[in-house]
Amino acid sequence: MKIRRPIIAGNWKMHRTLSEAENLVKGLLIELTDLSDTDVVLCPPFTSLAKVADLVAKTPVRVGAQDMYWEKEGAFTGEISATMLRDVFCRYVILGHSERRQYFGETNALVNRKAKAALAASLRPIVCVGETLDQREKQDFKGILRTQLRESLEGISVEEIEEAIVAYEPVWAIGTGRNATPAQAQEVHALLRATLTDMTGAKTAAKIRIQYGGSVKPANAAELLAQPDIDGALVGGASLDARAFAAIVKAAT
Ligand code: PGA
């Protein structure tokens with residue numbers, strides 16, 4: 001049994017209409033049989049959040065959003081607030097995914113504002129960090145990862161930080177079919193935990209869950225999740241297939 005309760009989240013990205021989401025969740029609920037030892041979170045697009053939350057309401061499965069804005073309300077066309085997410089029974093929110101950083105210009109400072117707003121509204125942020133292939137090959141990628149983590153979580157109290165989840169997602173492994181090896185992932189997870197120890201102390205750092213993400217599949221999940229500092233997975237592609245996602249959850253249990 002792991003010290004930290006495993007957490008498997010499915011990041012659906014920009015996939016699935018309302019009726020498709022309904023079918024996927026119904027399929028998943030048939031496949032997911034034992035959830036006693038693992039937290040499972042589904043992160044559909046905004047348009048399906050309320051529906052998915054309704055479908056899983058009587059189960060231990062939780063719902064998360066893929067992004068949010070930090071202001072409570074106002075003239076921010078196109079944005080969604082933490083209060084609105086809570087209103088449709090969201091408990092989690094993915095923040096700073098590499099696709100948000102890459103295509104929508106999100107910075108660590110911006111992720112930090114969102115993380116603080118999420119925690120203030122009792123939403124658990126899943127804060128993503130990860131290096132590109134170029135950074136891994138040519139730069140001090142460990143320094144880059146440490147900075148991403150520090151700046152994204154800066155100024156958050158020790159009590160609140162325990163509610164946060166960190167996701168390590170090497171950008172070169174996302175959607176490529178090329179996952180980090182368990183040893184490569186463990187090395188970075190240990191580094192991130194050491195950084196959290198510097199920031200919050202060993203006791204708190206030992207409680208924070210760090211997910212791995214990037215081409216997690218049923219075939220590689222068990223080996224990745226067996227690593228001492230890998231406490232779960234953030235799953236993209238495979239989370240759109242009920243059987244594959246359930247097999248990953250089983251690997252964590
Ligand atoms: P992938 O995506 O599992 O399709 O590689 C992971 C993610 O981007 O969260």
# chains A, B, ... in the order shown; residues from 1 in each chain; ligands from 1
call {"tool": "residues_near_ligand", "arguments": {"ligand": "ligand 1", "cutoff": "7 Å", "atoms": "only C-alpha atoms and all ligand atoms", "output": "list in words"}}
result
Asn11, Glu169, Ala173, Ile174, Gly175, Thr176, Gly177, Gly213, Gly214, Ser215, Val216, Leu234, Val235, Gly236, Gly237 and Ala238 of chain A
call {"tool": "residues_around", "arguments": {"residues": "Ile3 (chain A)", "least_positions_apart": "6", "cutoff": "9 Å", "atoms": "only C-alpha atoms", "output": "PDB file with N, CA, C and O atoms, in the first residue's frame"}}
result
ATOM      1  N   ALA A 206       5.791  15.348   2.102  1.00  0.00           N
ATOM      2  CA  ALA A 206       5.514  13.911   2.065  1.00  0.00           C
ATOM      3  C   ALA A 206       4.035  13.626   1.819  1.00  0.00           C
ATOM      4  O   ALA A 206       3.655  12.518   1.455  1.00  0.00           O
ATOM      5  N   LYS A 207       3.192  14.648   2.039  1.00  0.00           N
ATOM      6  CA  LYS A 207       1.744  14.444   1.862  1.00  0.00           C
ATOM      7  C   LYS A 207       1.262  14.823   0.458  1.00  0.00           C
ATOM      8  O   LYS A 207       0.178  14.445   0.042  1.00  0.00           O
ATOM      9  N   ASP A 231       2.604   9.181  -7.516  1.00  0.00           N
ATOM     10  CA  ASP A 231       1.399   8.963  -6.712  1.00  0.00           C
ATOM     11  C   ASP A 231       0.124   8.940  -7.541  1.00  0.00           C
ATOM     12  O   ASP A 231      -0.978   9.053  -6.996  1.00  0.00           O
TER      13      ASP A 231
END
call {"tool": "select_by_dssp", "arguments": {"residues": "region 14-116 of chain A", "states": "strand (DSSP E or B)", "output": "short mmCIF file (atom, residue, chain, number, x, y, z; two decimals) with C-alpha atoms, in the first residue's frame"}}
result
data_model
loop_
_atom_site.label_atom_id
_atom_site.label_comp_id
_atom_site.auth_asym_id
_atom_site.auth_seq_id
_atom_site.Cartn_x
_atom_site.Cartn_y
_atom_site.Cartn_z
CA ASP A 39 -9.13 8.77 -6.17
CA VAL A 40 -10.52 9.04 -9.69
CA VAL A 41 -11.16 12.41 -11.34
CA LEU A 42 -12.72 13.06 -14.76
CA CYS A 43 -11.88 16.35 -16.47
CA ARG A 62 -14.97 13.28 -8.83
CA VAL A 63 -15.05 15.90 -11.55
CA GLY A 64 -12.45 18.48 -12.50
CA ALA A 65 -12.15 21.31 -15.03
CA TYR A 69 -9.80 32.24 -14.39
CA SER A 81 -14.54 31.32 -12.41
CA TYR A 92 -10.55 19.79 -9.01
CA VAL A 93 -9.07 21.98 -11.73
CA ILE A 94 -6.07 21.29 -13.98
CA LEU A 95 -3.84 24.39 -14.11
#
call {"tool": "select_by_dssp", "arguments": {"residues": "region 41-102 of chain A", "states": "alpha helix (DSSP H)", "output": "PyMOL selection string"}}
result
chain A and resi 46-55+82-87+98-102
call {"tool": "closest_residue", "arguments": {"among": "A:Ile161, A:Tyr103, A:Ile144, A:Gly27", "to": "Gly201 (chain A)", "atoms": "only C-alpha atoms"}}
result
A:Ile161
call {"tool": "residues_around", "arguments": {"residues": "Leu110 (chain A)", "least_positions_apart": "5", "cutoff": "10 Å", "atoms": "only C-alpha atoms", "output": "PyMOL selection string"}}
result
chain A and resi 69-70+95-96+101+105+115+151-152
call {"tool": "residues_around", "arguments": {"residues": "Lys142 (chain A)", "least_positions_apart": "2", "cutoff": "12 Å", "atoms": "only C-alpha atoms", "output": "JSON list (two decimals) with N, CA and C atoms, in the first residue's frame"}}
result
[["chain", "number", "residue", "atom", "x", "y", "z"],
["A", 129, "VAL", "N", 3.67, 20.78, -14.43],
["A", 129, "VAL", "CA", 5.00, 21.26, -14.81],
["A", 129, "VAL", "C", 5.60, 20.24, -15.78],
["A", 130, "GLY", "N", 6.56, 20.68, -16.57],
["A", 130, "GLY", "CA", 7.18, 19.73, -17.50],
["A", 130, "GLY", "C", 8.12, 20.44, -18.45],
["A", 131, "GLU", "N", 9.15, 19.73, -18.88],
["A", 131, "GLU", "CA", 10.14, 20.31, -19.77],
["A", 131, "GLU", "C", 9.92, 19.85, -21.21],
["A", 132, "THR", "N", 10.33, 20.70, -22.16],
["A", 132, "THR", "CA", 10.27, 20.30, -23.57],
["A", 132, "THR", "C", 11.50, 19.43, -23.88],
["A", 135, "GLN", "N", 14.57, 21.58, -23.98],
["A", 135, "GLN", "CA", 15.06, 21.92, -22.63],
["A", 135, "GLN", "C", 15.77, 20.73, -22.00],
["A", 136, "ARG", "N", 15.24, 19.52, -22.18],
["A", 136, "ARG", "CA", 15.88, 18.35, -21.59],
["A", 136, "ARG", "C", 17.26, 18.11, -22.21],
["A", 137, "GLU", "N", 17.34, 18.31, -23.53],
["A", 137, "GLU", "CA", 18.60, 17.98, -24.21],
["A", 137, "GLU", "C", 19.65, 19.07, -24.10],
["A", 138, "LYS", "N", 19.20, 20.34, -24.11],
["A", 138, "LYS", "CA", 20.20, 21.41, -24.22],
["A", 138, "LYS", "C", 20.30, 22.34, -23.02],
["A", 139, "GLN", "N", 19.36, 22.24, -22.09],
["A", 139, "GLN", "CA", 19.37, 23.23, -21.00],
["A", 139, "GLN", "C", 19.35, 22.56, -19.63],
["A", 140, "ASP", "N", 19.40, 23.40, -18.60],
["A", 140, "ASP", "CA", 19.31, 22.90, -17.22],
["A", 140, "ASP", "C", 17.84, 22.60, -16.93],
["A", 144, "ILE", "N", 14.80, 24.35, -14.60],
["A", 144, "ILE", "CA", 13.56, 24.86, -15.19],
["A", 144, "ILE", "C", 12.35, 24.29, -14.44],
["A", 145, "LEU", "N", 12.40, 22.99, -14.16],
["A", 145, "LEU", "CA", 11.28, 22.34, -13.46],
["A", 145, "LEU", "C", 11.13, 22.88, -12.04],
["A", 146, "ARG", "N", 12.27, 23.06, -11.37],
["A", 146, "ARG", "CA", 12.21, 23.60, -9.99],
["A", 146, "ARG", "C", 11.57, 24.99, -9.99],
["A", 147, "THR", "N", 11.97, 25.82, -10.97],
["A", 147, "THR", "CA", 11.41, 27.17, -11.07],
["A", 147, "THR", "C", 9.92, 27.12, -11.38],
["A", 148, "GLN", "N", 9.53, 26.25, -12.29],
["A", 148, "GLN", "CA", 8.09, 26.13, -12.63],
["A", 148, "GLN", "C", 7.30, 25.82, -11.36],
["A", 149, "LEU", "N", 7.80, 24.87, -10.59],
["A", 149, "LEU", "CA", 7.07, 24.45, -9.39],
["A", 149, "LEU", "C", 7.03, 25.56, -8.34],
["A", 168, "TYR", "N", 3.67, 16.01, -13.05],
["A", 168, "TYR", "CA", 4.87, 16.13, -13.89],
["A", 168, "TYR", "C", 4.55, 15.55, -15.25],
["A", 170, "PRO", "N", 6.32, 15.57, -18.86],
["A", 170, "PRO", "CA", 7.33, 15.96, -19.84],
["A", 170, "PRO", "C", 6.65, 16.22, -21.19],
["A", 184, "GLN", "N", 13.30, 7.56, -15.33],
["A", 184, "GLN", "CA", 13.35, 8.99, -15.67],
["A", 184, "GLN", "C", 12.28, 9.76, -14.90],
["A", 187, "GLU", "N", 13.08, 9.98, -11.13],
["A", 187, "GLU", "CA", 14.16, 10.94, -10.87],
["A", 187, "GLU", "C", 13.57, 12.36, -10.73],
["A", 188, "VAL", "N", 12.68, 12.71, -11.66],
["A", 188, "VAL", "CA", 12.09, 14.06, -11.61],
["A", 188, "VAL", "C", 11.11, 14.18, -10.43],
["A", 189, "HIS", "N", 10.34, 13.14, -10.17],
["A", 189, "HIS", "CA", 9.39, 13.21, -9.05],
["A", 189, "HIS", "C", 10.15, 13.42, -7.73],
["A", 190, "ALA", "N", 11.28, 12.75, -7.58],
["A", 190, "ALA", "CA", 12.09, 12.91, -6.36],
["A", 190, "ALA", "C", 12.61, 14.35, -6.27],
["A", 191, "LEU", "N", 13.00, 14.88, -7.43],
["A", 191, "LEU", "CA", 13.49, 16.27, -7.47],
["A", 191, "LEU", "C", 12.37, 17.25, -7.09],
["A", 192, "LEU", "N", 11.17, 16.99, -7.61],
["A", 192, "LEU", "CA", 10.04, 17.87, -7.29],
["A", 192, "LEU", "C", 9.70, 17.77, -5.81],
["A", 194, "ALA", "N", 11.77, 17.05, -3.42],
["A", 194, "ALA", "CA", 12.83, 17.76, -2.69],
["A", 194, "ALA", "C", 12.58, 19.27, -2.74],
["A", 195, "THR", "N", 12.11, 19.75, -3.89],
["A", 195, "THR", "CA", 11.79, 21.18, -4.02],
["A", 195, "THR", "C", 10.63, 21.54, -3.08]]
call {"tool": "residues_around", "arguments": {"residues": "Thr83 (chain A)", "least_positions_apart": "3", "cutoff": "10 Å", "atoms": "only C-alpha atoms", "output": "PyMOL selection string"}}
result
chain A and resi 68+70-73+80+86-90+117-118+120-123
call {"tool": "residues_around", "arguments": {"residues": "Leu28 (chain A)", "least_positions_apart": "6", "cutoff": "8 Å", "atoms": "only C-alpha atoms", "output": "VMD selection string"}}
result
chain A and resid 242 to 243 245 to 246
call {"tool": "atom_distance", "arguments": {"atom1": "CA of Arg178 (chain A)", "atom2": "CA of Thr38 (chain A)"}}
result
25.3 Å
call {"tool": "decode", "arguments": {"residues": "region 88-170 of chain A", "atoms": "C-alpha atoms", "output": "JSON list (two decimals), in the first residue's frame"}}
result
[["chain", "number", "residue", "atom", "x", "y", "z"],
["A", 88, "VAL", "CA", -21.48, 22.46, -11.13],
["A", 89, "PHE", "CA", -19.89, 20.24, -8.46],
["A", 90, "CYS", "CA", -16.29, 20.40, -9.65],
["A", 91, "ARG", "CA", -13.75, 19.53, -6.96],
["A", 92, "TYR", "CA", -10.55, 19.79, -9.01],
["A", 93, "VAL", "CA", -9.07, 21.98, -11.73],
["A", 94, "ILE", "CA", -6.07, 21.29, -13.98],
["A", 95, "LEU", "CA", -3.84, 24.39, -14.11],
["A", 96, "GLY", "CA", -0.85, 25.26, -16.26],
["A", 97, "HIS", "CA", -1.09, 22.27, -18.59],
["A", 98, "SER", "CA", 1.71, 22.48, -21.15],
["A", 99, "GLU", "CA", -0.86, 23.02, -23.91],
["A", 100, "ARG", "CA", -2.12, 26.11, -22.02],
["A", 101, "ARG", "CA", 1.46, 27.28, -21.54],
["A", 102, "GLN", "CA", 2.39, 26.60, -25.19],
["A", 103, "TYR", "CA", -0.70, 27.75, -27.12],
["A", 104, "PHE", "CA", -2.24, 30.29, -24.74],
["A", 105, "GLY", "CA", 0.84, 31.91, -23.28],
["A", 106, "GLU", "CA", 0.29, 30.86, -19.67],
["A", 107, "THR", "CA", 3.19, 31.68, -17.37],
["A", 108, "ASN", "CA", 4.11, 30.45, -13.89],
["A", 109, "ALA", "CA", 2.88, 33.76, -12.44],
["A", 110, "LEU", "CA", -0.50, 33.33, -14.07],
["A", 111, "VAL", "CA", -0.75, 29.69, -12.94],
["A", 112, "ASN", "CA", 0.06, 30.90, -9.42],
["A", 113, "ARG", "CA", -2.84, 33.38, -9.42],
["A", 114, "LYS", "CA", -5.18, 30.67, -10.65],
["A", 115, "ALA", "CA", -3.93, 28.15, -8.05],
["A", 116, "LYS", "CA", -4.53, 30.64, -5.23],
["A", 117, "ALA", "CA", -8.03, 31.44, -6.50],
["A", 118, "ALA", "CA", -8.84, 27.74, -6.87],
["A", 119, "LEU", "CA", -7.74, 26.94, -3.30],
["A", 120, "ALA", "CA", -9.64, 29.94, -1.93],
["A", 121, "ALA", "CA", -12.77, 28.43, -3.51],
["A", 122, "SER", "CA", -11.99, 24.92, -2.15],
["A", 123, "LEU", "CA", -11.09, 23.54, -5.56],
["A", 124, "ARG", "CA", -8.03, 21.32, -5.63],
["A", 125, "PRO", "CA", -5.60, 22.49, -8.30],
["A", 126, "ILE", "CA", -3.67, 19.93, -10.35],
["A", 127, "VAL", "CA", -0.64, 22.07, -11.13],
["A", 128, "CYS", "CA", 1.28, 20.88, -14.19],
["A", 129, "VAL", "CA", 5.00, 21.26, -14.81],
["A", 130, "GLY", "CA", 7.18, 19.73, -17.50],
["A", 131, "GLU", "CA", 10.14, 20.31, -19.77],
["A", 132, "THR", "CA", 10.27, 20.30, -23.57],
["A", 133, "LEU", "CA", 12.64, 17.99, -25.45],
["A", 134, "ASP", "CA", 14.86, 20.92, -26.30],
["A", 135, "GLN", "CA", 15.06, 21.92, -22.63],
["A", 136, "ARG", "CA", 15.88, 18.35, -21.59],
["A", 137, "GLU", "CA", 18.60, 17.98, -24.21],
["A", 138, "LYS", "CA", 20.20, 21.41, -24.22],
["A", 139, "GLN", "CA", 19.37, 23.23, -21.00],
["A", 140, "ASP", "CA", 19.31, 22.90, -17.22],
["A", 141, "PHE", "CA", 15.90, 21.20, -17.36],
["A", 142, "LYS", "CA", 15.97, 20.34, -13.67],
["A", 143, "GLY", "CA", 16.42, 24.01, -12.82],
["A", 144, "ILE", "CA", 13.56, 24.86, -15.19],
["A", 145, "LEU", "CA", 11.28, 22.34, -13.46],
["A", 146, "ARG", "CA", 12.21, 23.60, -9.99],
["A", 147, "THR", "CA", 11.41, 27.17, -11.07],
["A", 148, "GLN", "CA", 8.09, 26.13, -12.63],
["A", 149, "LEU", "CA", 7.07, 24.45, -9.39],
["A", 150, "ARG", "CA", 8.29, 27.19, -7.05],
["A", 151, "GLU", "CA", 6.73, 30.04, -9.02],
["A", 152, "SER", "CA", 3.45, 28.21, -9.65],
["A", 153, "LEU", "CA", 2.97, 27.48, -5.93],
["A", 154, "GLU", "CA", 4.61, 30.58, -4.47],
["A", 155, "GLY", "CA", 2.93, 32.20, -1.47],
["A", 156, "ILE", "CA", 0.46, 29.36, -0.86],
["A", 157, "SER", "CA", 0.15, 28.46, 2.83],
["A", 158, "VAL", "CA", 1.30, 25.09, 4.15],
["A", 159, "GLU", "CA", -2.30, 24.12, 5.01],
["A", 160, "GLU", "CA", -3.51, 24.93, 1.50],
["A", 161, "ILE", "CA", -0.62, 23.40, -0.37],
["A", 162, "GLU", "CA", -1.51, 19.95, 0.97],
["A", 163, "GLU", "CA", -4.72, 20.19, -1.04],
["A", 164, "ALA", "CA", -2.82, 20.78, -4.26],
["A", 165, "ILE", "CA", -1.70, 18.04, -6.61],
["A", 166, "VAL", "CA", 1.38, 18.37, -8.78],
["A", 167, "ALA", "CA", 1.53, 16.74, -12.22],
["A", 168, "TYR", "CA", 4.87, 16.13, -13.89],
["A", 169, "GLU", "CA", 4.26, 15.98, -17.62],
["A", 170, "PRO", "CA", 7.33, 15.96, -19.84]]
